[in-house]
Number of protein chains: 2
Amino acid sequence: MCQLVGTIADMGWLTGKEMQAWIGYRRMRLLLDLQLNRDLMSQAGLSEADYDVLSNLSESPHQQLRLTDLATHMRWSKSRLSHHITRMQRRGLVDRHDCKDDGRGSMLVLTPAGLKAIEEAAPGHVESVRKHMIDLMTDEELAALAAFSHRIVAHLSE
Amino acid sequence: MCQLVGTIADMGWLTGKEMQAWIGYRRMRLLLDLQLNRDLMSQAGLSEADYDVLSNLSESPHQQLRLTDLATHMRWSKSRLSHHITRMQRRGLVDRHDCKDDGRGSMLVLTPAGLKAIEEAAPGHVESVRKHMIDLMTDEELAALAAFSHRIVAHLSE
DNA sequence: GCCGCCTAGTTGACATGTCACCAACCGTAG
DNA sequence: CTACGGTTGGTGACATGTCAACTAGGCGGC
């Protein structure tokens, strides 16, 4: 982490303020991730990735989705999703069904166990997110984060 | 990504504004990381992790550090660093020396190849960080990011 | 119908990170 | 001096993610 940029002989590639923002971002990202994952894993036995998949699935119509749609929505690669679903399927959290409309496709469905898992995990996860991030920010900071993150996401999505 | 929280039956665990900030953060984190890694890998053949290690090492006195010190500074686990250093050592970017003061320790040193790699990679990486993040943010947003990220890091560091 | 091309999803090899455990070494209380 | 508890770093098993093939099923032009 730390001096990620502009540090060799301090050539001033990033100004002090920019550097503070960048370093802070990197460190926050690392530590927040670890903490949220730890909390979620110890409270609910789920990783953040599991949580995201279950969460998306639980709110889609009929609690089912095409793999590609889910991958696009989550911005995951198909490969990543396929591997991850295989692992979650082994644990009984989700299931694959054949897709009627398209012989190539797979329909991803939430199992009762998966629904139970996400319902039990959600309150603790939200509390965790609040405690370690949201509640530490002012309204202005929240608004700023929403604004620049959406701008950056739009830029990165071409 | 997306509806990570408070989404089951929309129970309002996070307010709309909080949700926007949270979702934006998650997506930005995912996409920015991918992009910066892709850029760095294609331009310099380094991962961000490689870059961070080399960067930290290059600015320490005599371009060498104890493993524990580097791990603490980067907030990496010792195990992660040890594995990563082993891989970088195989590629000739860094080297381990015995530590005179402490028979247990290892001194991490930057090789000439490692120095060359970080010096060549730095300008492109900084440009990448600017292009995909810093230059898309206003001064106020940079200040806000620096402020809340440092606050959150302090909180997470206990 | 048939052919070429696109898309959906899977797979295997490999890179990376985590956790738990271990061996060697330090420093200090007795 | 010696034993013990803490520190330093390494290792192996395993979870996860990436990339590049690959299979199989659609789709449009002829």
# chains A, B, ... in the order shown; residues from 1 in each chain; ligands from 1
>>> residues_around(residues="D:DG28", least_positions_apart="3", cutoff="12 Å", atoms="only C-alpha atoms (C1' of nucleotides)", output="MDAnalysis selection string")
chainID C and resid 2:6
>>> write_last_selection(atoms="C-alpha atoms (C1' of nucleotides)", output="mmCIF file, in the first residue's frame")
data_model
loop_
_atom_site.group_PDB
_atom_site.id
_atom_site.type_symbol
_atom_site.label_atom_id
_atom_site.label_comp_id
_atom_site.auth_asym_id
_atom_site.auth_seq_id
_atom_site.Cartn_x
_atom_site.Cartn_y
_atom_site.Cartn_z
ATOM 1 C "C1'" DC C 2 -26.164 -26.382 -44.555
ATOM 2 C "C1'" DC C 3 -22.490 -23.504 -43.445
ATOM 3 C "C1'" DG C 4 -20.049 -20.056 -41.117
ATOM 4 C "C1'" DC C 5 -20.155 -17.282 -37.249
ATOM 5 C "C1'" DC C 6 -21.801 -15.777 -32.818
#
>>> closest_atom_pairs(of="chain D", to="chain B", cutoff="9 Å", atoms="only C-alpha atoms (C1' of nucleotides)", output="JSON lines")
{"residue": "D:DT7", "atom": "C1'", "partner": "B:Arg104", "partner_atom": "CA", "distance": 8.7}
{"residue": "D:DT8", "atom": "C1'", "partner": "B:Arg104", "partner_atom": "CA", "distance": 5.4}
{"residue": "D:DG9", "atom": "C1'", "partner": "B:Gly105", "partner_atom": "CA", "distance": 6.8}
{"residue": "D:DG10", "atom": "C1'", "partner": "B:Ser82", "partner_atom": "CA", "distance": 7.2}
>>> write_last_selection(atoms="N, CA and C atoms (P, O5', C5', C4', C3', O3' and C1' of nucleotides)", output="mmCIF file, in the first residue's frame")
data_model
loop_
_atom_site.group_PDB
_atom_site.id
_atom_site.type_symbol
_atom_site.label_atom_id
_atom_site.label_comp_id
_atom_site.auth_asym_id
_atom_site.auth_seq_id
_atom_site.Cartn_x
_atom_site.Cartn_y
_atom_site.Cartn_z
ATOM 1 P P DT D 7 5.032 -11.160 20.399
ATOM 2 O "O5'" DT D 7 6.257 -11.459 19.428
ATOM 3 C "C5'" DT D 7 7.552 -11.007 19.784
ATOM 4 C "C4'" DT D 7 8.508 -11.316 18.660
ATOM 5 C "C3'" DT D 7 7.952 -11.011 17.265
ATOM 6 O "O3'" DT D 7 8.988 -10.385 16.525
ATOM 7 C "C1'" DT D 7 8.661 -13.244 17.361
ATOM 8 P P DT D 8 8.768 -9.774 15.072
ATOM 9 O "O5'" DT D 8 9.408 -10.927 14.175
ATOM 10 C "C5'" DT D 8 10.797 -11.180 14.233
ATOM 11 C "C4'" DT D 8 11.162 -12.180 13.160
ATOM 12 C "C3'" DT D 8 10.491 -11.929 11.811
ATOM 13 O "O3'" DT D 8 11.490 -11.820 10.814
ATOM 14 C "C1'" DT D 8 10.172 -14.178 12.512
ATOM 15 P P DG D 9 11.113 -11.244 9.362
ATOM 16 O "O5'" DG D 9 10.826 -12.594 8.584
ATOM 17 C "C5'" DG D 9 11.880 -13.552 8.523
ATOM 18 C "C4'" DG D 9 11.339 -14.910 8.172
ATOM 19 C "C3'" DG D 9 10.575 -14.992 6.850
ATOM 20 O "O3'" DG D 9 11.378 -15.715 5.936
ATOM 21 C "C1'" DG D 9 9.556 -16.290 8.578
ATOM 22 P P DG D 10 10.885 -16.147 4.541
ATOM 23 O "O5'" DG D 10 10.356 -17.620 4.804
ATOM 24 C "C5'" DG D 10 11.239 -18.560 5.414
ATOM 25 C "C4'" DG D 10 10.623 -19.935 5.398
ATOM 26 C "C3'" DG D 10 10.003 -20.343 4.062
ATOM 27 O "O3'" DG D 10 10.274 -21.727 3.865
ATOM 28 C "C1'" DG D 10 8.361 -20.406 5.754
#
>>> calpha_fit_and_write(fixed="chain B", moving="chain A", output="short mmCIF file (atom, residue, chain, number, x, y, z; two decimals) with N, CA and C atoms, in the first residue's frame")
data_model
loop_
_atom_site.label_atom_id
_atom_site.label_comp_id
_atom_site.auth_asym_id
_atom_site.auth_seq_id
_atom_site.Cartn_x
_atom_site.Cartn_y
_atom_site.Cartn_z
N MET A 1 -22.17 -7.48 -7.22
CA MET A 1 -22.16 -6.07 -6.82
C MET A 1 -23.57 -5.62 -6.56
N CYS A 2 -23.88 -4.46 -6.91
CA CYS A 2 -25.23 -3.95 -6.81
C CYS A 2 -25.85 -4.00 -5.47
N GLN A 3 -27.05 -4.47 -5.52
CA GLN A 3 -27.89 -4.48 -4.32
C GLN A 3 -27.29 -5.36 -3.26
N LEU A 4 -26.24 -4.89 -2.65
CA LEU A 4 -25.58 -5.75 -1.71
C LEU A 4 -26.30 -5.83 -0.41
N VAL A 5 -27.01 -4.79 -0.11
CA VAL A 5 -27.48 -4.65 1.24
C VAL A 5 -28.92 -4.15 1.26
N GLY A 6 -29.61 -4.57 2.25
CA GLY A 6 -30.94 -4.01 2.45
C GLY A 6 -31.88 -4.29 1.31
N THR A 7 -31.67 -5.40 0.69
CA THR A 7 -32.41 -5.56 -0.55
C THR A 7 -33.51 -6.59 -0.44
N ILE A 8 -33.42 -7.45 0.51
CA ILE A 8 -34.44 -8.45 0.64
C ILE A 8 -35.70 -7.77 1.13
N ALA A 9 -36.68 -7.72 0.26
CA ALA A 9 -37.93 -7.06 0.61
C ALA A 9 -37.72 -5.58 0.97
N ASP A 10 -36.59 -5.05 0.51
CA ASP A 10 -36.35 -3.62 0.70
C ASP A 10 -36.67 -3.13 2.10
N MET A 11 -36.02 -3.68 3.05
CA MET A 11 -36.38 -3.33 4.41
C MET A 11 -35.77 -2.02 4.89
N GLY A 12 -35.07 -1.34 3.97
CA GLY A 12 -34.60 -0.01 4.34
C GLY A 12 -33.48 0.00 5.33
N TRP A 13 -32.62 -0.97 5.24
CA TRP A 13 -31.49 -0.98 6.17
C TRP A 13 -30.49 0.12 5.87
N LEU A 14 -30.40 0.42 4.58
CA LEU A 14 -29.58 1.56 4.19
C LEU A 14 -30.51 2.52 3.46
N THR A 15 -30.34 3.79 3.70
CA THR A 15 -31.16 4.76 2.99
C THR A 15 -30.72 4.82 1.54
N GLY A 16 -31.51 5.47 0.73
CA GLY A 16 -31.18 5.58 -0.68
C GLY A 16 -29.81 6.17 -0.91
N LYS A 17 -29.49 7.22 -0.19
CA LYS A 17 -28.19 7.86 -0.39
C LYS A 17 -27.05 6.97 0.06
N GLU A 18 -27.26 6.31 1.16
CA GLU A 18 -26.23 5.40 1.65
C GLU A 18 -26.01 4.27 0.66
N MET A 19 -27.12 3.77 0.15
CA MET A 19 -27.04 2.68 -0.82
C MET A 19 -26.30 3.12 -2.07
N GLN A 20 -26.58 4.31 -2.54
CA GLN A 20 -25.89 4.80 -3.74
C GLN A 20 -24.39 4.86 -3.51
N ALA A 21 -24.02 5.33 -2.34
CA ALA A 21 -22.59 5.44 -2.03
C ALA A 21 -21.97 4.05 -1.94
N TRP A 22 -22.67 3.15 -1.28
CA TRP A 22 -22.13 1.81 -1.09
C TRP A 22 -22.01 1.04 -2.40
N ILE A 23 -23.06 1.09 -3.19
CA ILE A 23 -23.03 0.39 -4.47
C ILE A 23 -21.96 0.99 -5.38
N GLY A 24 -21.90 2.29 -5.41
CA GLY A 24 -20.89 2.95 -6.23
C GLY A 24 -19.50 2.55 -5.81
N TYR A 25 -19.30 2.52 -4.52
CA TYR A 25 -17.99 2.13 -4.00
C TYR A 25 -17.63 0.73 -4.44
N ARG A 26 -18.55 -0.20 -4.28
CA ARG A 26 -18.28 -1.58 -4.65
C ARG A 26 -17.94 -1.73 -6.12
N ARG A 27 -18.72 -1.06 -6.93
CA ARG A 27 -18.49 -1.20 -8.37
C ARG A 27 -17.20 -0.53 -8.78
N MET A 28 -16.96 0.64 -8.24
CA MET A 28 -15.74 1.36 -8.57
C MET A 28 -14.53 0.52 -8.19
N ARG A 29 -14.60 -0.05 -7.02
CA ARG A 29 -13.51 -0.85 -6.50
C ARG A 29 -13.21 -2.01 -7.44
N LEU A 30 -14.24 -2.67 -7.86
CA LEU A 30 -14.07 -3.82 -8.75
C LEU A 30 -13.47 -3.41 -10.09
N LEU A 31 -14.09 -2.43 -10.73
CA LEU A 31 -13.68 -2.06 -12.08
C LEU A 31 -12.34 -1.34 -12.10
N LEU A 32 -12.12 -0.49 -11.13
CA LEU A 32 -10.87 0.27 -11.10
C LEU A 32 -9.69 -0.68 -10.91
N ASP A 33 -9.88 -1.62 -10.04
CA ASP A 33 -8.86 -2.61 -9.80
C ASP A 33 -8.51 -3.38 -11.06
N LEU A 34 -9.53 -3.85 -11.74
CA LEU A 34 -9.30 -4.60 -12.96
C LEU A 34 -8.53 -3.76 -13.97
N GLN A 35 -8.98 -2.51 -14.14
CA GLN A 35 -8.38 -1.66 -15.15
C GLN A 35 -6.92 -1.34 -14.83
N LEU A 36 -6.67 -0.97 -13.59
CA LEU A 36 -5.30 -0.62 -13.22
C LEU A 36 -4.38 -1.82 -13.35
N ASN A 37 -4.88 -2.97 -12.96
CA ASN A 37 -4.09 -4.18 -13.08
C ASN A 37 -3.80 -4.51 -14.54
N ARG A 38 -4.83 -4.37 -15.36
CA ARG A 38 -4.64 -4.65 -16.79
C ARG A 38 -3.59 -3.72 -17.38
N ASP A 39 -3.73 -2.42 -17.10
CA ASP A 39 -2.79 -1.44 -17.63
C ASP A 39 -1.36 -1.77 -17.20
N LEU A 40 -1.22 -2.00 -15.93
CA LEU A 40 0.11 -2.23 -15.37
C LEU A 40 0.72 -3.50 -15.94
N MET A 41 -0.09 -4.52 -16.05
CA MET A 41 0.40 -5.79 -16.55
C MET A 41 0.81 -5.68 -18.01
N SER A 42 0.00 -4.99 -18.80
CA SER A 42 0.34 -4.92 -20.22
C SER A 42 1.51 -3.97 -20.47
N GLN A 43 1.60 -2.91 -19.68
CA GLN A 43 2.68 -1.95 -19.91
C GLN A 43 4.01 -2.40 -19.32
N ALA A 44 3.93 -3.06 -18.17
CA ALA A 44 5.18 -3.30 -17.45
C ALA A 44 5.36 -4.74 -16.99
N GLY A 45 4.36 -5.57 -17.23
CA GLY A 45 4.47 -6.96 -16.79
C GLY A 45 4.47 -7.13 -15.29
N LEU A 46 3.90 -6.15 -14.59
CA LEU A 46 3.82 -6.24 -13.13
C LEU A 46 2.36 -6.25 -12.69
N SER A 47 2.09 -6.92 -11.59
CA SER A 47 0.77 -6.79 -10.97
C SER A 47 0.83 -5.61 -10.01
N GLU A 48 -0.32 -5.18 -9.53
CA GLU A 48 -0.33 -4.08 -8.56
C GLU A 48 0.41 -4.48 -7.30
N ALA A 49 0.28 -5.74 -6.93
CA ALA A 49 0.99 -6.22 -5.75
C ALA A 49 2.49 -6.11 -5.95
N ASP A 50 2.96 -6.54 -7.11
CA ASP A 50 4.38 -6.41 -7.42
C ASP A 50 4.79 -4.94 -7.32
N TYR A 51 3.98 -4.11 -7.93
CA TYR A 51 4.30 -2.68 -7.95
C TYR A 51 4.42 -2.12 -6.54
N ASP A 52 3.50 -2.47 -5.69
CA ASP A 52 3.51 -1.96 -4.33
C ASP A 52 4.76 -2.41 -3.58
N VAL A 53 5.09 -3.68 -3.74
CA VAL A 53 6.29 -4.18 -3.07
C VAL A 53 7.52 -3.44 -3.56
N LEU A 54 7.67 -3.35 -4.87
CA LEU A 54 8.85 -2.70 -5.45
C LEU A 54 8.89 -1.23 -5.05
N SER A 55 7.74 -0.60 -5.07
CA SER A 55 7.68 0.81 -4.73
C SER A 55 8.13 1.06 -3.30
N ASN A 56 7.60 0.28 -2.39
CA ASN A 56 8.00 0.44 -0.99
C ASN A 56 9.47 0.16 -0.79
N LEU A 57 9.92 -0.87 -1.46
CA LEU A 57 11.31 -1.26 -1.30
C LEU A 57 12.23 -0.19 -1.87
N SER A 58 11.84 0.37 -2.99
CA SER A 58 12.72 1.32 -3.67
C SER A 58 12.93 2.59 -2.87
N GLU A 59 11.99 2.90 -1.99
CA GLU A 59 12.17 4.14 -1.25
C GLU A 59 12.61 3.95 0.18
N SER A 60 12.92 2.73 0.54
CA SER A 60 13.42 2.53 1.89
C SER A 60 14.94 2.69 1.88
N PRO A 61 15.52 2.99 3.03
CA PRO A 61 16.97 3.21 3.07
C PRO A 61 17.72 1.99 2.56
N HIS A 62 18.67 2.21 1.69
CA HIS A 62 19.47 1.15 1.09
C HIS A 62 18.61 0.17 0.29
N GLN A 63 17.41 0.56 0.02
CA GLN A 63 16.50 -0.30 -0.75
C GLN A 63 16.43 -1.70 -0.17
N GLN A 64 16.30 -1.73 1.15
CA GLN A 64 16.12 -3.03 1.79
C GLN A 64 15.24 -2.88 3.02
N LEU A 65 14.56 -3.96 3.35
CA LEU A 65 13.61 -3.94 4.47
C LEU A 65 13.50 -5.32 5.07
N ARG A 66 13.19 -5.35 6.36
CA ARG A 66 12.84 -6.62 6.99
C ARG A 66 11.46 -7.02 6.50
N LEU A 67 11.23 -8.29 6.37
CA LEU A 67 9.94 -8.76 5.88
C LEU A 67 8.80 -8.27 6.77
N THR A 68 8.98 -8.37 8.06
CA THR A 68 7.91 -7.96 8.97
C THR A 68 7.59 -6.48 8.83
N ASP A 69 8.65 -5.67 8.69
CA ASP A 69 8.41 -4.25 8.54
C ASP A 69 7.61 -3.95 7.28
N LEU A 70 7.99 -4.60 6.21
CA LEU A 70 7.27 -4.38 4.96
C LEU A 70 5.83 -4.86 5.08
N ALA A 71 5.67 -6.02 5.69
CA ALA A 71 4.32 -6.56 5.84
C ALA A 71 3.45 -5.61 6.67
N THR A 72 4.01 -5.09 7.74
CA THR A 72 3.27 -4.17 8.59
C THR A 72 2.90 -2.90 7.82
N HIS A 73 3.88 -2.38 7.12
CA HIS A 73 3.67 -1.15 6.38
C HIS A 73 2.61 -1.31 5.30
N MET A 74 2.65 -2.43 4.61
CA MET A 74 1.68 -2.67 3.55
C MET A 74 0.37 -3.24 4.08
N ARG A 75 0.40 -3.62 5.35
CA ARG A 75 -0.75 -4.27 5.96
C ARG A 75 -1.10 -5.58 5.26
N TRP A 76 -0.06 -6.29 4.93
CA TRP A 76 -0.24 -7.63 4.38
C TRP A 76 0.05 -8.63 5.49
N SER A 77 -0.47 -9.84 5.34
CA SER A 77 -0.09 -10.89 6.28
C SER A 77 1.33 -11.35 5.93
N LYS A 78 2.01 -11.90 6.93
CA LYS A 78 3.36 -12.39 6.68
C LYS A 78 3.35 -13.49 5.63
N SER A 79 2.33 -14.30 5.72
CA SER A 79 2.23 -15.41 4.80
C SER A 79 2.08 -14.90 3.36
N ARG A 80 1.21 -13.93 3.20
CA ARG A 80 1.02 -13.39 1.86
C ARG A 80 2.32 -12.82 1.32
N LEU A 81 2.99 -12.05 2.15
CA LEU A 81 4.24 -11.44 1.71
C LEU A 81 5.27 -12.50 1.40
N SER A 82 5.38 -13.50 2.25
CA SER A 82 6.38 -14.54 2.04
C SER A 82 6.15 -15.26 0.70
N HIS A 83 4.91 -15.65 0.47
CA HIS A 83 4.60 -16.30 -0.80
C HIS A 83 4.92 -15.37 -1.97
N HIS A 84 4.53 -14.12 -1.84
CA HIS A 84 4.69 -13.20 -2.96
C HIS A 84 6.17 -12.93 -3.23
N ILE A 85 6.93 -12.79 -2.16
CA ILE A 85 8.36 -12.54 -2.32
C ILE A 85 9.04 -13.74 -2.99
N THR A 86 8.60 -14.92 -2.61
CA THR A 86 9.16 -16.12 -3.24
C THR A 86 8.97 -16.06 -4.75
N ARG A 87 7.76 -15.65 -5.15
CA ARG A 87 7.49 -15.58 -6.59
C ARG A 87 8.30 -14.47 -7.25
N MET A 88 8.42 -13.32 -6.58
CA MET A 88 9.18 -12.22 -7.17
C MET A 88 10.67 -12.54 -7.21
N GLN A 89 11.10 -13.31 -6.23
CA GLN A 89 12.50 -13.71 -6.20
C GLN A 89 12.81 -14.62 -7.39
N ARG A 90 11.88 -15.49 -7.68
CA ARG A 90 12.07 -16.38 -8.83
C ARG A 90 12.20 -15.57 -10.11
N ARG A 91 11.52 -14.42 -10.15
CA ARG A 91 11.57 -13.60 -11.36
C ARG A 91 12.76 -12.64 -11.34
N GLY A 92 13.50 -12.66 -10.24
CA GLY A 92 14.70 -11.83 -10.17
C GLY A 92 14.46 -10.38 -9.80
N LEU A 93 13.29 -10.06 -9.28
CA LEU A 93 12.97 -8.66 -8.96
C LEU A 93 13.48 -8.26 -7.58
N VAL A 94 13.53 -9.22 -6.67
CA VAL A 94 14.01 -8.94 -5.32
C VAL A 94 14.87 -10.12 -4.87
N ASP A 95 15.51 -9.95 -3.73
CA ASP A 95 16.33 -11.03 -3.21
C ASP A 95 16.24 -11.04 -1.69
N ARG A 96 16.47 -12.21 -1.11
CA ARG A 96 16.50 -12.33 0.34
C ARG A 96 17.95 -12.43 0.81
N HIS A 97 18.31 -11.65 1.82
CA HIS A 97 19.62 -11.80 2.43
C HIS A 97 19.44 -12.15 3.89
N ASP A 98 20.46 -12.81 4.45
CA ASP A 98 20.38 -13.08 5.88
C ASP A 98 20.49 -11.77 6.64
N CYS A 99 19.87 -11.74 7.79
CA CYS A 99 19.85 -10.52 8.58
C CYS A 99 20.90 -10.65 9.69
N LYS A 100 21.83 -9.68 9.72
CA LYS A 100 22.93 -9.78 10.69
C LYS A 100 22.45 -9.69 12.12
N ASP A 101 21.57 -8.73 12.38
CA ASP A 101 21.13 -8.47 13.76
C ASP A 101 20.32 -9.61 14.35
N ASP A 102 19.59 -10.30 13.50
CA ASP A 102 18.59 -11.24 14.00
C ASP A 102 18.61 -12.51 13.16
N GLY A 103 19.07 -13.58 13.77
CA GLY A 103 19.22 -14.83 13.05
C GLY A 103 17.95 -15.37 12.43
N ARG A 104 16.80 -14.92 12.96
CA ARG A 104 15.54 -15.42 12.42
C ARG A 104 15.17 -14.72 11.12
N GLY A 105 15.59 -13.45 11.04
CA GLY A 105 15.05 -12.56 10.03
C GLY A 105 15.62 -12.70 8.64
N SER A 106 14.91 -12.13 7.69
CA SER A 106 15.37 -12.04 6.32
C SER A 106 15.35 -10.57 5.93
N MET A 107 16.38 -10.16 5.22
CA MET A 107 16.41 -8.81 4.70
C MET A 107 16.01 -8.88 3.24
N LEU A 108 15.05 -8.06 2.88
CA LEU A 108 14.58 -8.05 1.51
C LEU A 108 15.33 -6.95 0.77
N VAL A 109 15.92 -7.26 -0.35
CA VAL A 109 16.65 -6.23 -1.11
C VAL A 109 16.16 -6.17 -2.55
N LEU A 110 16.21 -4.98 -3.07
CA LEU A 110 15.81 -4.75 -4.45
C LEU A 110 16.98 -5.11 -5.36
N THR A 111 16.74 -5.88 -6.37
CA THR A 111 17.81 -6.19 -7.33
C THR A 111 17.84 -5.08 -8.39
N PRO A 112 18.92 -4.98 -9.14
CA PRO A 112 18.96 -4.01 -10.24
C PRO A 112 17.77 -4.20 -11.20
N ALA A 113 17.43 -5.44 -11.47
CA ALA A 113 16.30 -5.70 -12.36
C ALA A 113 15.01 -5.17 -11.74
N GLY A 114 14.88 -5.32 -10.43
CA GLY A 114 13.69 -4.83 -9.75
C GLY A 114 13.60 -3.32 -9.80
N LEU A 115 14.74 -2.67 -9.62
CA LEU A 115 14.77 -1.21 -9.68
C LEU A 115 14.40 -0.73 -11.08
N LYS A 116 14.96 -1.39 -12.04
CA LYS A 116 14.65 -1.04 -13.44
C LYS A 116 13.16 -1.20 -13.71
N ALA A 117 12.62 -2.30 -13.23
CA ALA A 117 11.20 -2.58 -13.47
C ALA A 117 10.31 -1.50 -12.87
N ILE A 118 10.57 -1.13 -11.64
CA ILE A 118 9.70 -0.14 -11.00
C ILE A 118 9.88 1.23 -11.64
N GLU A 119 11.10 1.55 -12.05
CA GLU A 119 11.32 2.85 -12.68
C GLU A 119 10.63 2.95 -14.02
N GLU A 120 10.60 1.84 -14.71
CA GLU A 120 9.94 1.86 -16.02
C GLU A 120 8.43 1.83 -15.87
N ALA A 121 7.97 1.18 -14.81
CA ALA A 121 6.52 1.02 -14.66
C ALA A 121 5.84 2.27 -14.11
N ALA A 122 6.58 3.01 -13.30
CA ALA A 122 5.95 4.10 -12.54
C ALA A 122 5.21 5.14 -13.38
N PRO A 123 5.85 5.71 -14.40
CA PRO A 123 5.15 6.76 -15.14
C PRO A 123 3.82 6.29 -15.72
N GLY A 124 3.83 5.13 -16.31
CA GLY A 124 2.59 4.60 -16.88
C GLY A 124 1.54 4.33 -15.83
N HIS A 125 1.98 3.87 -14.68
CA HIS A 125 1.02 3.57 -13.63
C HIS A 125 0.37 4.85 -13.10
N VAL A 126 1.20 5.85 -12.88
CA VAL A 126 0.65 7.11 -12.40
C VAL A 126 -0.34 7.68 -13.42
N GLU A 127 0.03 7.58 -14.66
CA GLU A 127 -0.86 8.08 -15.71
C GLU A 127 -2.19 7.34 -15.67
N SER A 128 -2.09 6.04 -15.45
CA SER A 128 -3.28 5.20 -15.38
C SER A 128 -4.17 5.61 -14.21
N VAL A 129 -3.55 5.81 -13.08
CA VAL A 129 -4.31 6.20 -11.88
C VAL A 129 -4.98 7.55 -12.11
N ARG A 130 -4.25 8.46 -12.73
CA ARG A 130 -4.82 9.77 -13.06
C ARG A 130 -6.00 9.63 -14.00
N LYS A 131 -5.77 8.94 -15.06
CA LYS A 131 -6.76 8.87 -16.13
C LYS A 131 -8.06 8.23 -15.66
N HIS A 132 -7.94 7.15 -14.88
CA HIS A 132 -9.14 6.41 -14.53
C HIS A 132 -9.75 6.82 -13.21
N MET A 133 -9.05 7.65 -12.44
CA MET A 133 -9.61 8.01 -11.15
C MET A 133 -9.40 9.48 -10.80
N ILE A 134 -8.16 9.84 -10.52
CA ILE A 134 -7.88 11.16 -9.96
C ILE A 134 -8.42 12.31 -10.82
N ASP A 135 -8.16 12.22 -12.11
CA ASP A 135 -8.58 13.33 -12.98
C ASP A 135 -10.08 13.39 -13.19
N LEU A 136 -10.77 12.36 -12.72
CA LEU A 136 -12.23 12.38 -12.84
C LEU A 136 -12.89 12.97 -11.60
N MET A 137 -12.07 13.33 -10.63
CA MET A 137 -12.63 13.82 -9.36
C MET A 137 -12.37 15.32 -9.18
N THR A 138 -13.28 15.98 -8.51
CA THR A 138 -13.08 17.40 -8.19
C THR A 138 -12.18 17.50 -6.96
N ASP A 139 -11.70 18.71 -6.72
CA ASP A 139 -10.86 18.92 -5.54
C ASP A 139 -11.60 18.57 -4.26
N GLU A 140 -12.86 18.93 -4.22
CA GLU A 140 -13.65 18.65 -3.01
C GLU A 140 -13.79 17.14 -2.82
N GLU A 141 -14.00 16.43 -3.90
CA GLU A 141 -14.14 14.98 -3.79
C GLU A 141 -12.84 14.33 -3.34
N LEU A 142 -11.74 14.83 -3.86
CA LEU A 142 -10.44 14.31 -3.44
C LEU A 142 -10.25 14.52 -1.94
N ALA A 143 -10.61 15.72 -1.50
CA ALA A 143 -10.44 16.02 -0.07
C ALA A 143 -11.35 15.13 0.77
N ALA A 144 -12.58 14.94 0.29
CA ALA A 144 -13.52 14.10 1.03
C ALA A 144 -13.01 12.66 1.10
N LEU A 145 -12.52 12.15 -0.03
CA LEU A 145 -12.00 10.78 -0.06
C LEU A 145 -10.84 10.62 0.92
N ALA A 146 -9.92 11.57 0.87
CA ALA A 146 -8.78 11.51 1.79
C ALA A 146 -9.28 11.50 3.23
N ALA A 147 -10.24 12.35 3.51
CA ALA A 147 -10.71 12.47 4.89
C ALA A 147 -11.39 11.20 5.38
N PHE A 148 -12.39 10.73 4.64
CA PHE A 148 -13.11 9.59 5.19
C PHE A 148 -12.32 8.30 5.10
N SER A 149 -11.48 8.16 4.10
CA SER A 149 -10.70 6.92 4.02
C SER A 149 -9.71 6.84 5.18
N HIS A 150 -9.09 7.96 5.51
CA HIS A 150 -8.15 7.92 6.64
C HIS A 150 -8.90 7.65 7.95
N ARG A 151 -10.09 8.20 8.06
CA ARG A 151 -10.89 7.96 9.26
C ARG A 151 -11.24 6.48 9.37
N ILE A 152 -11.63 5.90 8.27
CA ILE A 152 -12.02 4.49 8.28
C ILE A 152 -10.81 3.59 8.53
N VAL A 153 -9.70 3.94 7.93
CA VAL A 153 -8.49 3.15 8.16
C VAL A 153 -8.09 3.21 9.64
N ALA A 154 -8.19 4.39 10.21
CA ALA A 154 -7.84 4.52 11.63
C ALA A 154 -8.78 3.65 12.47
N HIS A 155 -10.05 3.70 12.16
CA HIS A 155 -11.02 2.88 12.88
C HIS A 155 -10.70 1.39 12.74
N LEU A 156 -10.35 0.97 11.54
CA LEU A 156 -10.11 -0.45 11.30
C LEU A 156 -8.76 -0.91 11.85
N SER A 157 -7.89 0.05 12.12
CA SER A 157 -6.60 -0.32 12.70
C SER A 157 -6.67 -0.36 14.22
N GLU A 158 -7.85 -0.22 14.73
CA GLU A 158 -8.13 -0.23 16.17
C GLU A 158 -7.61 1.03 16.86
#
>>> select_by_dssp(residues="chain B", states="alpha helix (DSSP H)", output="ChimeraX atom specification")
/B:16-44,48-58,67-74,78-90,112-132,139-156
>>> select_by_dssp(residues="stretch 41-128 of chain A", states="strand (DSSP E)", output="list in words")
Gln64, Leu65, Arg66, Val94, Asp95, Arg96, His97, Asp98, Ser106, Met107, Leu108, Val109 and Leu110 of chain A
>>> interface_residues(of="chain C", to="chain B", cutoff="8 Å", atoms="only C-alpha atoms (C1' of nucleotides)", output="number ranges by chain")
C: 17, 24-26
>>> write_last_selection(atoms="C-alpha atoms (C1' of nucleotides)", output="PDB file, in the first residue's frame")
ATOM      1  C1'  DG C  17      -4.303 -15.250  -1.035  1.00  0.00           C
ATOM      2  C1'  DA C  24      14.400 -21.391  14.355  1.00  0.00           C
ATOM      3  C1'  DC C  25      15.654 -17.757  17.090  1.00  0.00           C
ATOM      4  C1'  DC C  26      15.280 -13.965  20.631  1.00  0.00           C
TER       5       DC C  26
END
>>> atom_distance(atom1="atom C1' of D:DG25", atom2="atom C1' of C:DT7")
8.7 Å
>>> atom_distance(atom1="atom C1' of D:DC19", atom2="atom C1' of C:DT18")
22.7 Å
>>> atom_distance(atom1="atom C1' of C:DA15", atom2="atom C1' of D:DG17")
8.4 Å
